[in-house]
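Engineer: Structure: data-v2.tsv, TSV, C-alpha atoms.
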```tsv
chain	number	residue	atom	x	y	z
K	1	MET	CA	0.00	0.00	0.00
K	2	ARG	CA	1.26	3.40	-0.90
K	3	GLN	CA	2.47	5.55	2.06
K	4	LYS	CA	0.31	8.54	2.99
K	5	ARG	CA	1.92	11.87	1.96
K	6	ASN	CA	2.56	14.51	4.70
K	7	SER	CA	3.08	17.58	2.46
K	8	GLY	CA	-0.45	18.77	3.18
K	9	GLN	CA	0.44	19.48	6.82
K	10	ILE	CA	3.45	21.58	5.87
K	11	LEU	CA	1.29	23.57	3.46
K	12	LEU	CA	-1.24	24.18	6.22
K	13	ILE	CA	1.44	25.39	8.63
K	14	ALA	CA	2.92	27.65	5.94
K	15	ALA	CA	-0.53	29.07	5.18
K	16	PHE	CA	-1.13	29.68	8.88
K	17	ILE	CA	2.20	31.49	9.28
K	18	MET	CA	1.56	33.64	6.21
K	19	ALA	CA	-1.92	34.51	7.44
K	20	SER	CA	-0.48	35.48	10.84
K	21	LEU	CA	2.19	37.63	9.23
K	22	LEU	CA	-0.35	39.38	6.99
K	23	LEU	CA	-2.70	39.99	9.91
K	24	SER	CA	0.02	41.36	12.18
K	25	THR	CA	1.30	43.61	9.38
K	26	GLN	CA	-2.22	44.95	8.84
K	27	LEU	CA	-2.64	45.59	12.57
K	28	TYR	CA	0.70	47.36	12.67
K	29	ILE	CA	-0.25	49.60	9.74
K	30	LEU	CA	-3.59	50.46	11.40
K	31	GLU	CA	-1.85	51.30	14.67
K	32	VAL	CA	0.74	53.49	12.94
K	33	GLY	CA	-2.05	55.28	11.04
K	34	ARG	CA	-3.98	55.93	14.23
K	35	ILE	CA	-0.95	57.36	16.05
K	36	THR	CA	0.04	59.50	13.04
K	37	SER	CA	-3.48	60.90	12.88
K	38	GLU	CA	-3.44	61.76	16.61
K	39	THR	CA	-0.01	63.35	16.25
K	40	GLU	CA	-1.16	65.57	13.40
K	41	SER	CA	-4.29	66.62	15.29
K	42	ASP	CA	-2.31	67.64	18.40
K	43	SER	CA	0.33	69.38	16.30
K	44	LEU	CA	-2.36	71.31	14.42
K	45	ASN	CA	-3.95	72.48	17.67
K	46	ASN	CA	-0.56	73.63	18.93
K	47	PHE	CA	0.14	75.39	15.62
K	48	VAL	CA	-3.15	77.30	15.78
K	49	SER	CA	-2.54	78.20	19.45
K	50	ALA	CA	0.88	79.57	18.53
K	51	ILE	CA	-0.68	81.72	15.79
K	52	LYS	CA	-3.27	83.14	18.19
K	53	GLN	CA	-0.54	83.88	20.69
K	54	GLY	CA	1.55	85.56	18.02
K	55	SER	CA	-1.43	87.68	16.92
K	56	ARG	CA	-1.85	88.82	20.50
K	57	HIS	CA	1.83	89.80	20.71
K	58	VAL	CA	1.59	91.80	17.49
K	59	VAL	CA	-1.42	93.75	18.78
K	60	ILE	CA	0.28	94.40	22.16
K	61	GLY	CA	3.56	95.50	20.54
K	62	SER	CA	1.72	97.76	18.10
K	63	LEU	CA	-0.32	99.39	20.89
K	64	ALA	CA	2.86	99.91	22.92
K	65	ASN	CA	4.38	101.63	19.89
K	66	ILE	CA	1.34	103.83	19.17
K	67	SER	CA	0.72	104.81	22.81
K	68	ASN	CA	4.35	105.92	23.04
K	69	GLY	CA	4.01	108.27	20.09
K	70	GLY	CA	4.03	105.92	17.09
K	71	GLN	CA	1.73	106.28	14.11
K	72	SER	CA	-1.76	104.83	14.37
K	73	SER	CA	-1.19	102.94	11.10
K	74	THR	CA	1.43	100.80	12.89
K	75	LEU	CA	-1.17	98.25	13.98
K	76	GLY	CA	-2.37	97.64	10.43
K	77	SER	CA	1.11	97.47	8.94
K	78	ASN	CA	2.38	95.08	11.64
K	79	LEU	CA	-0.62	92.78	11.18
K	80	GLN	CA	-0.06	92.82	7.44
K	81	ARG	CA	3.54	91.69	7.99
K	82	TRP	CA	2.38	88.98	10.41
K	83	SER	CA	-0.13	87.73	7.88
K	84	SER	CA	2.58	87.68	5.22
K	85	VAL	CA	4.98	85.69	7.42
K	86	LEU	CA	2.27	83.12	8.15
K	87	SER	CA	1.33	82.76	4.49
K	88	LYS	CA	4.87	81.45	3.88
K	89	GLN	CA	4.44	78.62	6.38
K	90	TYR	CA	3.42	75.38	4.70
K	91	GLN	CA	4.06	73.00	7.59
K	92	PHE	CA	0.46	71.77	7.68
K	93	GLY	CA	-0.98	73.32	4.53
K	94	LYS	CA	-1.89	76.71	3.13
K	95	SER	CA	-2.13	79.26	5.90
K	96	VAL	CA	-4.20	82.44	5.48
K	97	LEU	CA	-4.70	85.02	8.24
K	98	ASN	CA	-7.11	87.88	7.61
K	99	TYR	CA	-7.80	90.69	10.04
K	100	THR	CA	-10.23	93.57	10.46
K	101	LEU	CA	-9.44	96.60	12.58
K	102	ARG	CA	-12.39	97.88	14.56
K	103	GLU	CA	-13.85	101.09	13.18
K	104	THR	CA	-16.87	101.35	15.47
K	105	ALA	CA	-16.65	104.41	17.76
K	106	PRO	CA	-14.67	105.09	19.88
K	107	TYR	CA	-12.20	103.01	17.85
K	108	SER	CA	-10.52	104.20	14.70
K	109	SER	CA	-8.20	101.93	12.72
K	110	GLY	CA	-8.48	99.51	15.64
K	111	ILE	CA	-7.11	102.03	18.15
K	112	TRP	CA	-8.81	103.94	20.97
K	113	MET	CA	-6.77	106.26	23.11
K	114	TYR	CA	-8.58	108.48	25.58
K	115	TRP	CA	-6.44	110.30	28.09
K	116	GLY	CA	-9.11	112.36	29.79
K	117	SER	CA	-9.15	115.06	32.46
K	118	ASN	CA	-11.89	113.31	34.42
K	119	GLY	CA	-9.57	110.82	36.13
K	120	TYR	CA	-9.85	108.15	33.47
K	121	GLY	CA	-7.40	107.19	30.74
K	122	VAL	CA	-7.40	104.28	28.34
K	123	SER	CA	-5.19	102.90	25.57
K	124	SER	CA	-6.82	100.12	23.62
K	125	ALA	CA	-6.48	98.11	20.42
K	126	TYR	CA	-9.13	95.87	18.88
K	127	ALA	CA	-8.77	93.51	15.94
K	128	ILE	CA	-10.84	90.63	14.63
K	129	PHE	CA	-9.01	87.72	12.99
K	130	THR	CA	-10.06	84.89	10.75
K	131	TYR	CA	-7.55	82.11	10.23
K	132	LYS	CA	-7.82	79.44	7.56
K	133	LEU	CA	-5.57	76.43	7.24
K	134	SER	CA	-6.29	74.13	4.34
K	135	ASP	CA	-4.71	71.04	2.86
K	136	ARG	CA	-5.91	67.76	1.35
K	137	GLU	CA	-6.75	66.36	4.79
K	138	VAL	CA	-6.98	69.57	6.82
K	139	ASP	CA	-9.57	72.32	6.80
K	140	ILE	CA	-9.50	74.66	9.77
K	141	ASN	CA	-11.45	77.91	10.01
K	142	GLN	CA	-11.14	79.91	13.19
K	143	SER	CA	-12.22	83.40	14.17
K	144	TYR	CA	-10.92	85.17	17.22
K	145	VAL	CA	-10.83	88.66	18.69
K	146	MET	CA	-7.91	90.46	20.28
K	147	ASN	CA	-8.91	93.30	22.58
K	148	ILE	CA	-5.91	94.73	24.38
K	149	THR	CA	-6.77	97.47	26.87
K	150	THR	CA	-4.77	99.27	29.52
K	151	ALA	CA	-6.67	101.76	31.67
K	152	VAL	CA	-5.85	103.99	34.61
K	153	LEU	CA	-8.26	105.50	37.12
K	154	ILE	CA	-7.13	108.28	39.45
K	155	GLU	CA	-8.59	110.11	42.41
K	156	SER	CA	-6.86	113.06	43.97
K	157	SER	CA	-7.29	115.27	47.00
K	158	TYR	CA	-5.21	117.99	48.66
K	159	GLN	CA	-5.00	119.97	51.85
K	160	ALA	CA	-3.31	123.31	52.42
K	161	ALA	CA	-0.05	122.96	54.37
K	162	SER	CA	1.28	126.51	54.69
K	163	GLY	CA	0.81	129.46	52.37
K	164	ASP	CA	0.54	128.16	48.84
K	165	VAL	CA	2.10	124.84	49.75
K	166	LYS	CA	-0.30	121.97	49.42
K	167	GLN	CA	-0.15	118.32	50.40
K	168	VAL	CA	-1.46	116.37	47.42
K	169	ASN	CA	-2.57	112.75	47.62
K	170	ILE	CA	-3.34	110.61	44.57
K	171	THR	CA	-4.78	107.12	44.52
K	172	PHE	CA	-4.78	105.34	41.20
K	173	ASN	CA	-5.59	101.93	39.81
K	174	LEU	CA	-4.10	100.28	36.77
K	175	LEU	CA	-6.18	97.77	34.83
K	176	ILE	CA	-5.16	95.43	32.03
K	177	GLU	CA	-8.08	93.89	30.15
K	178	GLY	CA	-10.24	94.95	33.08
K	179	GLU	CA	-8.10	93.20	35.68
K	180	PRO	CA	-5.79	94.89	38.22
K	181	ALA	CA	-2.19	94.89	37.07
K	182	LEU	CA	1.22	96.15	38.10
K	183	ALA	CA	2.84	99.16	36.51
K	184	GLU	CA	6.31	99.23	35.00
K	185	GLN	CA	6.78	102.99	35.22
K	186	ILE	CA	4.85	105.78	36.97
K	187	THR	CA	5.35	109.52	36.74
K	188	ILE	CA	3.15	112.02	38.56
K	189	TYR	CA	2.77	115.60	37.34
K	190	TYR	CA	1.10	118.61	38.89
K	191	LYS	CA	0.15	121.86	37.19
K	192	VAL	CA	1.62	125.20	38.23
K	193	LEU	CA	0.25	128.15	36.27
K	194	ASP	CA	0.33	126.83	32.70
K	195	GLY	CA	3.13	124.34	33.06
K	196	TRP	CA	3.34	120.76	34.26
K	197	GLN	CA	5.95	119.84	36.87
K	198	ILE	CA	7.15	116.37	37.80
K	199	ALA	CA	6.63	115.40	41.42
K	200	ASN	CA	10.03	114.19	42.67
K	201	ALA	CA	12.21	113.97	45.74
K	202	THR	CA	12.28	117.78	46.15
K	203	ASN	CA	8.51	117.55	46.76
K	204	ASN	CA	8.87	114.83	49.42
K	205	TYR	CA	7.34	112.57	46.84
K	206	THR	CA	6.48	109.10	48.05
K	207	ILE	CA	4.62	106.30	46.33
K	208	LEU	CA	3.11	103.25	47.94
K	209	ASP	CA	2.52	100.10	45.91
K	210	TYR	CA	-0.22	97.93	47.37
K	211	GLY	CA	0.78	95.11	45.04
K	212	ASN	CA	-2.71	94.72	43.60
K	213	GLY	CA	-2.67	97.39	40.91
K	214	THR	CA	-3.47	100.17	43.40
K	215	TYR	CA	-0.92	102.88	44.10
K	216	PHE	CA	-0.92	105.83	46.49
K	217	ALA	CA	1.27	108.83	45.73
K	218	SER	CA	1.81	111.80	47.97
K	219	PHE	CA	3.82	115.03	47.61
K	220	LEU	CA	4.11	118.66	48.72
K	221	ALA	CA	3.95	121.38	46.09
K	222	ASN	CA	3.77	125.13	45.93
K	223	ILE	CA	0.61	125.67	43.90
K	224	PRO	CA	-0.91	129.17	44.12
K	225	SER	CA	-4.15	128.21	42.37
K	226	PRO	CA	-7.00	126.62	44.35
K	227	ASN	CA	-7.45	124.32	41.35
K	228	VAL	CA	-4.91	121.57	41.86
K	229	GLU	CA	-4.58	119.57	38.67
K	230	VAL	CA	-2.59	116.36	38.62
K	231	SER	CA	-1.67	113.86	35.96
K	232	ALA	CA	-0.57	110.22	36.24
K	233	HIS	CA	1.53	108.84	33.38
K	234	VAL	CA	1.78	105.08	33.57
K	235	ALA	CA	3.37	102.35	31.48
K	236	ASP	CA	2.26	98.80	32.15
K	237	GLN	CA	4.61	95.81	32.02
K	238	ARG	CA	3.89	95.42	28.30
K	239	GLU	CA	5.20	98.98	27.71
K	240	ILE	CA	1.69	100.23	26.88
K	241	TYR	CA	1.47	103.84	27.95
K	242	VAL	CA	-1.62	105.52	29.38
K	243	GLN	CA	-2.26	108.74	31.24
K	244	ALA	CA	-5.13	110.37	33.09
K	245	ASN	CA	-5.63	113.84	34.50
K	246	ALA	CA	-7.79	114.90	37.42
K	247	THR	CA	-8.58	117.97	39.49
K	248	SER	CA	-7.96	117.44	43.17
K	249	THR	CA	-10.68	118.02	45.69
K	250	GLN	CA	-9.83	119.94	48.85
K	251	ILE	CA	-10.21	118.12	52.13
M	1	MET	CA	11.03	-2.01	8.21
M	2	PHE	CA	10.33	0.79	10.68
M	3	ASN	CA	7.49	3.17	9.93
M	4	GLN	CA	9.12	6.64	9.59
M	5	LYS	CA	5.85	8.64	9.67
M	6	GLY	CA	6.28	9.44	13.36
M	7	GLN	CA	9.79	10.81	12.89
M	8	ILE	CA	8.66	13.15	10.11
M	9	ARG	CA	5.84	14.48	12.27
M	10	ILE	CA	8.27	15.17	15.10
M	11	ILE	CA	10.59	16.99	12.68
M	12	GLU	CA	7.63	18.99	11.36
M	13	ALA	CA	6.57	19.89	14.88
M	14	PHE	CA	10.11	21.08	15.69
M	15	LEU	CA	10.14	23.06	12.46
M	16	ALA	CA	6.82	24.69	13.31
M	17	ILE	CA	8.02	25.60	16.81
M	18	GLY	CA	11.21	27.04	15.30
M	19	VAL	CA	9.26	29.16	12.81
M	20	ILE	CA	6.94	30.48	15.51
M	21	PHE	CA	9.81	31.38	17.85
M	22	SER	CA	11.78	33.07	15.10
M	23	ALA	CA	8.65	35.04	14.11
M	24	LEU	CA	8.30	36.18	17.72
M	25	LEU	CA	11.96	37.19	17.87
M	26	ILE	CA	11.72	39.14	14.60
M	27	SER	CA	8.53	40.92	15.64
M	28	ALA	CA	10.20	42.04	18.88
M	29	THR	CA	12.83	43.91	16.87
M	30	PHE	CA	10.24	45.75	14.70
M	31	PRO	CA	10.07	49.55	15.06
M	32	SER	CA	7.01	49.22	17.22
M	33	SER	CA	4.21	51.72	17.79
M	34	PRO	CA	5.40	52.73	21.30
M	35	SER	CA	8.42	54.28	19.55
M	36	LEU	CA	6.08	56.35	17.40
M	37	ALA	CA	4.12	57.35	20.49
M	38	LYS	CA	7.36	58.54	22.06
M	39	GLN	CA	8.16	60.64	18.99
M	40	LYS	CA	4.61	62.06	19.08
M	41	SER	CA	5.01	63.05	22.71
M	42	LEU	CA	8.37	64.60	21.86
M	43	VAL	CA	6.78	66.89	19.26
M	44	ASP	CA	4.07	67.90	21.74
M	45	ILE	CA	6.60	68.46	24.52
M	46	GLY	CA	8.74	70.66	22.27
M	47	THR	CA	5.83	72.72	20.96
M	48	GLN	CA	4.38	73.19	24.44
M	49	ALA	CA	7.77	74.29	25.77
M	50	LEU	CA	8.01	76.98	23.09
M	51	ILE	CA	4.40	78.10	23.61
M	52	ASN	CA	5.00	78.36	27.37
M	53	LEU	CA	8.21	80.31	26.88
M	54	ASP	CA	6.40	82.64	24.47
M	55	THR	CA	3.33	83.20	26.67
M	56	ASN	CA	4.18	86.69	27.87
M	57	GLY	CA	6.43	87.58	24.99
M	58	THR	CA	9.51	86.31	26.84
M	59	LEU	CA	10.79	84.27	23.91
M	60	GLY	CA	10.61	87.19	21.46
M	61	ASN	CA	12.29	89.50	23.98
M	62	LEU	CA	15.15	87.06	24.59
M	63	ILE	CA	15.70	86.67	20.84
M	64	THR	CA	15.65	90.46	20.35
M	65	GLN	CA	18.22	90.79	23.14
M	66	GLU	CA	20.23	87.96	21.54
M	67	ASN	CA	20.30	86.29	24.94
M	68	TRP	CA	20.90	82.77	23.60
M	69	THR	CA	22.19	81.52	26.95
M	70	ALA	CA	18.90	82.43	28.64
M	71	ILE	CA	16.94	80.64	25.91
M	72	LYS	CA	19.05	77.51	26.37
M	73	GLN	CA	18.60	77.66	30.16
M	74	SER	CA	14.83	78.11	29.75
M	75	LEU	CA	14.59	75.09	27.45
M	76	ASP	CA	16.72	73.09	29.88
M	77	ILE	CA	14.06	73.80	32.50
M	78	LEU	CA	10.98	73.41	30.30
M	79	LEU	CA	12.02	70.18	28.59
M	80	PRO	CA	12.12	66.95	30.60
M	81	ILE	CA	15.38	65.35	31.62
M	82	GLY	CA	16.45	62.93	28.93
M	83	VAL	CA	15.47	65.12	26.00
M	84	SER	CA	18.24	66.46	23.80
M	85	PHE	CA	17.58	69.60	21.78
M	86	ASN	CA	19.06	71.93	19.22
M	87	LEU	CA	17.34	75.26	18.48
M	88	THR	CA	17.93	77.42	15.41
M	89	VAL	CA	16.39	80.89	15.17
M	90	PHE	CA	15.67	82.41	11.76
M	91	ASP	CA	14.53	85.91	10.86
M	92	GLU	CA	11.62	86.69	8.50
M	93	ASN	CA	13.87	85.99	5.50
M	94	LEU	CA	14.85	82.59	6.88
M	95	SER	CA	18.43	83.62	7.65
M	96	PRO	CA	19.73	82.04	10.87
M	97	ILE	CA	20.42	84.69	13.49
M	98	ASN	CA	21.57	82.82	16.58
M	99	SER	CA	25.28	83.56	16.79
M	100	GLN	CA	25.90	80.66	19.14
M	101	VAL	CA	24.64	77.12	19.20
M	102	ILE	CA	21.57	76.60	21.40
M	103	GLN	CA	21.74	72.93	22.32
M	104	ASN	CA	22.33	70.67	25.28
M	105	THR	CA	23.77	67.71	23.35
M	106	ASN	CA	25.10	67.08	19.89
M	107	LEU	CA	22.27	65.39	18.02
M	108	LEU	CA	24.44	63.76	15.38
M	109	GLY	CA	23.38	60.14	14.95
M	110	HIS	CA	20.21	60.57	17.00
M	111	GLU	CA	16.70	59.87	15.74
M	112	ILE	CA	15.28	63.40	15.80
M	113	VAL	CA	11.94	65.13	15.38
M	114	SER	CA	11.66	68.73	14.27
M	115	VAL	CA	9.26	71.38	15.59
M	116	HIS	CA	8.68	74.61	13.68
M	117	TYR	CA	7.40	77.62	15.58
M	118	VAL	CA	6.53	81.13	14.39
M	119	CYS	CA	7.20	83.75	17.04
M	120	ALA	CA	6.11	87.39	17.10
M	121	GLY	CA	7.98	89.73	19.42
M	122	GLN	CA	5.87	91.72	21.85
M	123	ASN	CA	8.07	94.80	22.02
M	124	ARG	CA	7.41	98.16	20.35
M	125	ASN	CA	9.32	97.25	17.18
M	126	VAL	CA	7.38	94.10	16.41
M	127	GLN	CA	9.71	91.50	14.89
M	128	PHE	CA	9.00	88.02	13.62
M	129	PHE	CA	11.13	84.92	14.02
M	130	ILE	CA	10.88	81.33	12.86
M	131	LEU	CA	12.26	78.72	15.22
M	132	ARG	CA	13.32	75.17	14.40
M	133	LEU	CA	13.60	73.00	17.48
M	134	GLN	CA	15.15	69.58	16.88
M	135	LEU	CA	14.51	67.05	19.62
M	136	SER	CA	15.64	63.57	20.48
M	137	TRP	CA	15.41	61.23	23.39
M	138	ALA	CA	18.83	60.87	24.97
M	139	ARG	CA	20.28	57.39	24.62
```
Step by step, read the file and then write its structure as structure tokens.
Structural biologist:
Amino acid sequence: MRQKRNSGQILLIAAFIMASLLLSTQLYILEVGRITSETESDSLNNFVSAIKQGSRHVVIGSLANISNGGQSSTLGSNLQRWSSVLSKQYQFGKSVLNYTLRETAPYSSGIWMYWGSNGYGVSSAYAIFTYKLSDREVDINQSYVMNITTAVLIESSYQAASGDVKQVNITFNLLIEGEPALAEQITIYYKVLDGWQIANATNNYTILDYGNGTYFASFLANIPSPNVEVSAHVADQREIYVQANATSTQI
Amino acid sequence: MFNQKGQIRIIEAFLAIGVIFSALLISATFPSSPSLAKQKSLVDIGTQALINLDTNGTLGNLITQENWTAIKQSLDILLPIGVSFNLTVFDENLSPINSQVIQNTNLLGHEIVSVHYVCAGQNRNVQFFILRLQLSWAR
């Protein structure tokens, strides 16, 4: 009788091994695809966050420039440059950043600067952005607003010391985006006749920082007029400058 | 005459065991998905470090001041121990501007990932920079 052939078993084992290899390869490819997809998603989110952060820095830097005497067109020109730089980035696809400067009163060309005599001063910039990132597998549309505002509020009082010498007290608050903030630089002025004088050591000038955005300044000055006008010139820690004037009340 | 069917089956069984073991050994040396996950986390870690450093405009200010040492020290703190990095700073025209190397280890021969970051300075003269941060897990 002819002996039974065993080649069928070897074929089965070979088929089983090949099936296992194919299956494991497929699983590996799926896993790699999943991780790559997650990586791209996280990287995209980070990329968009970085662009928003950069837009904020451009608006802050522009406002610092304008509030310190720069041209009001600086905001628009800086944002145009920022948009141009981003359009050259092709890391995740075509990147387009558009912006609109607020023109609704009191803003003009995205800027509002009011340094009033009623104890309130504000320096503000407002821009609306739309960002589009597009590629074969990516389509992101995001709109966001950047409103950068530094404001100062002052209250002043005085009492006669001797003759025309007056003891002047000023309390002022600095606010950034509506929240109390610390100042980088503070200069207090008082008006004598038609000129402004800086309150300094010769006036026994002292300033107290409460550490919460509130400051108390005090000085002695020879002011003949019963109208004691003072002015606080403040730069916040972003170099945005703001000032406010007030007339002191007698106590 | 002896029946040799049993011997062949034993040889086949040994062969099968050998094939399975060698398959296991080969699969262990594959570039496995955990390696990709590590690279993914490295990209995230690098990007987050730059975003954190840039939060209040610090990164742009340090670049403007050409304080490369401070940038290196900041990255040393922000990146986890065991991560090697090399940072190159370019201006708007893609010309490198860092006059000294900003790195903690030479990355030659390492498996690296690259993070690109666009930075806007927050100072009055707004400037733009493009950063390339190369990262690798230390061996």
Engineer: Which polymer residues have any atom within 6 Å of an atom of segment 105-117 of chain M, counting all atoms listed in the file, with same-chain residues fewer than 6 positions away left out, as a list in words?
Structural biologist: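 The filter keeps Ser84, Ile130, Leu131, Arg132, Leu133, Gln134, Leu135 and Ser136 of chain M.
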Engineer: Excluding Ile66 of chain K and any residue of its chain fewer than 6 positions from it, enumerate the residues within 12 Å of it, using all atoms listed in the file, and give them as a compact mmCIF listing (two decimals) with C-alpha atoms, keeping the file's coordinate frame.
Structural biologist:
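Okay, this is what ended up in out-v6.txt:
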```txt
# COMPACT_ATOMS: atom_id res chain seq x y z
CA VAL K 59 -1.42 93.75 18.78
CA ILE K 60 0.28 94.40 22.16
CA SER K 72 -1.76 104.83 14.37
CA SER K 73 -1.19 102.94 11.10
CA THR K 74 1.43 100.80 12.89
CA LEU K 75 -1.17 98.25 13.98
CA GLY K 76 -2.37 97.64 10.43
CA ASN K 78 2.38 95.08 11.64
CA SER K 109 -8.20 101.93 12.72
CA GLY K 110 -8.48 99.51 15.64
CA ILE K 111 -7.11 102.03 18.15
CA TRP K 112 -8.81 103.94 20.97
CA MET K 113 -6.77 106.26 23.11
CA SER K 123 -5.19 102.90 25.57
CA SER K 124 -6.82 100.12 23.62
CA ALA K 125 -6.48 98.11 20.42
CA GLU K 239 5.20 98.98 27.71
CA ILE K 240 1.69 100.23 26.88
CA TYR K 241 1.47 103.84 27.95
CA VAL K 242 -1.62 105.52 29.38
CA ASN M 123 8.07 94.80 22.02
CA ARG M 124 7.41 98.16 20.35
CA ASN M 125 9.32 97.25 17.18
CA VAL M 126 7.38 94.10 16.41
```
Engineer: Please report the interatomic distance between atom CA of Glu177 of chain K and atom CA of Asp54 of chain M in Å with one decimal.
Structural biologist: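 That distance, rounded to one decimal, is 19.2 Å.
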Engineer: To one decimal place, how far is atom CA of Tyr131 of chain K from atom CA of Asn98 of chain K in Å?
Structural biologist: 6.4 Å
Engineer: Which is closer to Ala50 of chain K than all the others in M:Leu78, M:Ala49, M:Asn61, M:Asn67, using all atoms listed in the file?
Structural biologist: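 Nearest to Ala50 of chain K: M:Ala49.
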Engineer: Within 9 Å of chain K, which residues of chain M show up when using all atoms listed in the file, listed as a PDB file with C-alpha atoms, in the coordinates of the input?
Structural biologist:
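Printed below is iface-v4.pdb as written:
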```pdb
ATOM      1  CA  LYS M   5       5.850   8.640   9.670  1.00  0.00           C
ATOM      2  CA  ILE M   8       8.660  13.150  10.110  1.00  0.00           C
ATOM      3  CA  ARG M   9       5.840  14.480  12.270  1.00  0.00           C
ATOM      4  CA  GLU M  12       7.630  18.990  11.360  1.00  0.00           C
ATOM      5  CA  ALA M  16       6.820  24.690  13.310  1.00  0.00           C
ATOM      6  CA  VAL M  19       9.260  29.160  12.810  1.00  0.00           C
ATOM      7  CA  ILE M  20       6.940  30.480  15.510  1.00  0.00           C
ATOM      8  CA  ALA M  23       8.650  35.040  14.110  1.00  0.00           C
ATOM      9  CA  SER M  32       7.010  49.220  17.220  1.00  0.00           C
ATOM     10  CA  SER M  33       4.210  51.720  17.790  1.00  0.00           C
ATOM     11  CA  LEU M  36       6.080  56.350  17.400  1.00  0.00           C
ATOM     12  CA  ALA M  37       4.120  57.350  20.490  1.00  0.00           C
ATOM     13  CA  LYS M  40       4.610  62.060  19.080  1.00  0.00           C
ATOM     14  CA  SER M  41       5.010  63.050  22.710  1.00  0.00           C
ATOM     15  CA  VAL M  43       6.780  66.890  19.260  1.00  0.00           C
ATOM     16  CA  ASP M  44       4.070  67.900  21.740  1.00  0.00           C
ATOM     17  CA  THR M  47       5.830  72.720  20.960  1.00  0.00           C
ATOM     18  CA  GLN M  48       4.380  73.190  24.440  1.00  0.00           C
ATOM     19  CA  LEU M  50       8.010  76.980  23.090  1.00  0.00           C
ATOM     20  CA  ILE M  51       4.400  78.100  23.610  1.00  0.00           C
ATOM     21  CA  ASP M  54       6.400  82.640  24.470  1.00  0.00           C
ATOM     22  CA  THR M  55       3.330  83.200  26.670  1.00  0.00           C
ATOM     23  CA  ASN M  56       4.180  86.690  27.870  1.00  0.00           C
ATOM     24  CA  GLY M  57       6.430  87.580  24.990  1.00  0.00           C
ATOM     25  CA  GLU M  92      11.620  86.690   8.500  1.00  0.00           C
ATOM     26  CA  HIS M 116       8.680  74.610  13.680  1.00  0.00           C
ATOM     27  CA  TYR M 117       7.400  77.620  15.580  1.00  0.00           C
ATOM     28  CA  VAL M 118       6.530  81.130  14.390  1.00  0.00           C
ATOM     29  CA  CYS M 119       7.200  83.750  17.040  1.00  0.00           C
ATOM     30  CA  ALA M 120       6.110  87.390  17.100  1.00  0.00           C
ATOM     31  CA  GLY M 121       7.980  89.730  19.420  1.00  0.00           C
ATOM     32  CA  GLN M 122       5.870  91.720  21.850  1.00  0.00           C
ATOM     33  CA  ASN M 123       8.070  94.800  22.020  1.00  0.00           C
ATOM     34  CA  ARG M 124       7.410  98.160  20.350  1.00  0.00           C
ATOM     35  CA  ASN M 125       9.320  97.250  17.180  1.00  0.00           C
ATOM     36  CA  VAL M 126       7.380  94.100  16.410  1.00  0.00           C
ATOM     37  CA  GLN M 127       9.710  91.500  14.890  1.00  0.00           C
ATOM     38  CA  PHE M 128       9.000  88.020  13.620  1.00  0.00           C
TER      39      PHE M 128
END
```
Engineer: For a test of reading the model, state the distance in Å between atom CA of Ser108 of chain K and atom CA of Asn147 of chain K, rounded to one decimal.
Structural biologist: 13.5 Å
Engineer: Report as a list in words all protein, DNA and RNA residues lying within 9 Å of Tyr120 of chain K, evaluated on all atoms listed in the file, omitting residues in the same chain fewer than 6 positions from it.
Structural biologist: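 These residues fall inside the cut-off: Tyr114, Ala151, Val152, Leu153, Ile154, Gln243, Ala244, Asn245 and Ala246 of chain K.
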Engineer: So which residues are close to (2.7, 108.9, 31.7), meaning at most 9 Å away in the file's coordinates with all atoms listed in the file counted, and can you show them as a PyMOL selection string?
Structural biologist: chain K and resi 185-189+231-235+241-244
Engineer: Start from the incomplete input, build N, CA and C atoms for segment 52-59 of chain M, and deliver everything as a JSON list (two decimals), in the coordinates of the input.
Structural biologist:
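Result file is result23.json:
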```
[["chain", "number", "residue", "atom", "x", "y", "z"],
["M", 52, "ASN", "N", 4.89, 77.87, 25.99],
["M", 52, "ASN", "CA", 5.00, 78.36, 27.37],
["M", 52, "ASN", "C", 6.03, 79.49, 27.48],
["M", 53, "LEU", "N", 7.15, 79.30, 26.81],
["M", 53, "LEU", "CA", 8.21, 80.31, 26.88],
["M", 53, "LEU", "C", 7.77, 81.60, 26.20],
["M", 54, "ASP", "N", 6.85, 81.48, 25.27],
["M", 54, "ASP", "CA", 6.40, 82.64, 24.47],
["M", 54, "ASP", "C", 5.16, 83.31, 25.08],
["M", 55, "THR", "N", 4.63, 82.74, 26.16],
["M", 55, "THR", "CA", 3.33, 83.20, 26.67],
["M", 55, "THR", "C", 3.26, 84.71, 26.88],
["M", 56, "ASN", "N", 4.21, 85.25, 27.59],
["M", 56, "ASN", "CA", 4.18, 86.69, 27.87],
["M", 56, "ASN", "C", 5.16, 87.47, 26.99],
["M", 57, "GLY", "N", 5.50, 86.91, 25.89],
["M", 57, "GLY", "CA", 6.43, 87.58, 24.99],
["M", 57, "GLY", "C", 7.89, 87.39, 25.37],
["M", 58, "THR", "N", 8.13, 86.50, 26.35],
["M", 58, "THR", "CA", 9.51, 86.31, 26.84],
["M", 58, "THR", "C", 10.43, 85.82, 25.72],
["M", 59, "LEU", "N", 9.95, 84.86, 24.95],
["M", 59, "LEU", "CA", 10.79, 84.27, 23.91],
["M", 59, "LEU", "C", 11.23, 85.33, 22.90]]
```
